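Data block below; observations after.
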Amino acid sequence: MNHDLSGRVVVVTGGNSGIGLGMAEGCAKAGADISVWSRRADRNDEACERLRAHGVRAAGFVCDVADEEQIKAACAGTVAALGRMDSCVASAGAPGYTTPLVDVTLEKWRSVTAVSLDGVFLTFREVTRQIIEQGDGGALVAVSSTSAIHGAQRNHAYAASKTALLGLTRALAVELARYKIRANAILPGWTITEMASVGYENDKFRNATTSRTPVRRWAEPDEFEAVGAYLCDPSLTFHTGDSLTVDGGYTVF
């Protein structure tokens, strides 16, 4: 199936690298203009240049999704630069920690959930306000993780956040259907990204996770291009409240 996102504007938080950039590029290849939100202006600029090579418009906005006012500013900037917002891929997240439960402070816990859960809620809330005002419907995509399924020991806040995103997605799917807004989640498996580089570069960890993955490797970020275009495709009007696991079979083996 060829996805057509021509005339659509897709917001991608954390869209300047990794899975976020992969999904942004998939949407750009399908014809969507892209708004990249992330904390580093230089990386945003690089990502936008790469996305424009597909013949679409791209605009970058410095935005820490843990900051409500920065999200509001990024929304306003996106509408001013690109005219509208039709879909949102919430990919920004915090890497978590590797700390025993008894040693985790509330501050450390909240440093993760503020980005990986609260940030998604705030982003979806603000983008949804614009989509409802436009009246044409749209799509919300939460980037969860297989950590929502398997036991992510010593990374409690990350696992809890990614699990909570599944509940948030289902709730939004029910509430927003009347506005023709779909909400779905994606659960990526082990992927070669900057955030996961510590694990990938550890031979023991990489071999352990690879041996548990039927395809016997980690994913590349560009393998999420087609998934991004699919989940933001306005023609898929009946697909909502779902979660897609893209993990090379890790969670079923």
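Identifiers for the structure tokens are assigned positionally: chains receive A, B, ... in sequence, residues are indexed from 1 per chain, and ligands are indexed from 1 in the order shown.
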Range 39-106 of chain A near range 186-195 of chain A within 10 Å: what's each residue's closest atom pair and its distance in Å to one decimal, counting only C-alpha atoms, ordered by chain then ascending residue number, as a tab-separated table?
residue	atom	partner	partner_atom	distance
A:Val89	CA	A:Ile186	CA	9.8
A:Ser91	CA	A:Ile186	CA	9.8
A:Gly93	CA	A:Met195	CA	9.2
A:Ala94	CA	A:Met195	CA	8.4
A:Pro95	CA	A:Met195	CA	6.2
A:Gly96	CA	A:Met195	CA	9.7
Close residues, Ala24 in chain A itself excluded, 12 Å, only C-alpha atoms, min 2 positions apart in chain, as a PyMOL selection string: chain A and resi 5+9-22+26-37+44+47-48+50-52+54+56-59+87-91+141+221-232
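Nearest residue to Ser147 in chain A among A:Val127, A:Glu49, A:Asp203, A:Thr245 is A:Thr245, counting only C-alpha atoms.
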Judged by only C-alpha atoms, the minimum distance to Arg8 in chain A among A:Gly135, A:Pro234, A:Gly77, A:Gly55 is found for A:Pro234
Residues within 8 Å of range 156-160 of chain A, please, as number ranges by chain. Count only C-alpha atoms; anything in the same chain fewer than 3 positions from it doesn't count. A: 94-96, 101, 109-110, 112-113, 116, 145, 147-148, 151-153, 163-164
Write the residues of the selection above to a file with C-alpha atoms, as a short mmCIF file (atom, residue, chain, number, x, y, z; two decimals), in the first residue's frame.
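Generated file (selection-v3.cif):
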data_model
loop_
_atom_site.label_atom_id
_atom_site.label_comp_id
_atom_site.auth_asym_id
_atom_site.auth_seq_id
_atom_site.Cartn_x
_atom_site.Cartn_y
_atom_site.Cartn_z
CA ALA A 94 14.10 9.99 28.65
CA PRO A 95 16.55 7.07 28.77
CA GLY A 96 15.75 6.10 32.34
CA LEU A 101 14.25 0.32 43.51
CA TRP A 109 11.68 8.92 39.05
CA ARG A 110 10.07 12.19 37.97
CA VAL A 112 11.93 10.24 33.52
CA THR A 113 8.14 10.41 33.80
CA SER A 116 8.15 10.00 28.80
CA SER A 145 8.38 0.33 24.13
CA SER A 147 9.50 -2.44 28.17
CA ALA A 148 5.73 -2.10 28.59
CA GLY A 151 10.30 -6.79 32.96
CA ALA A 152 12.66 -3.83 32.71
CA GLN A 153 14.50 -4.31 35.97
CA THR A 163 3.05 1.08 29.93
CA ALA A 164 0.97 4.12 30.86
#
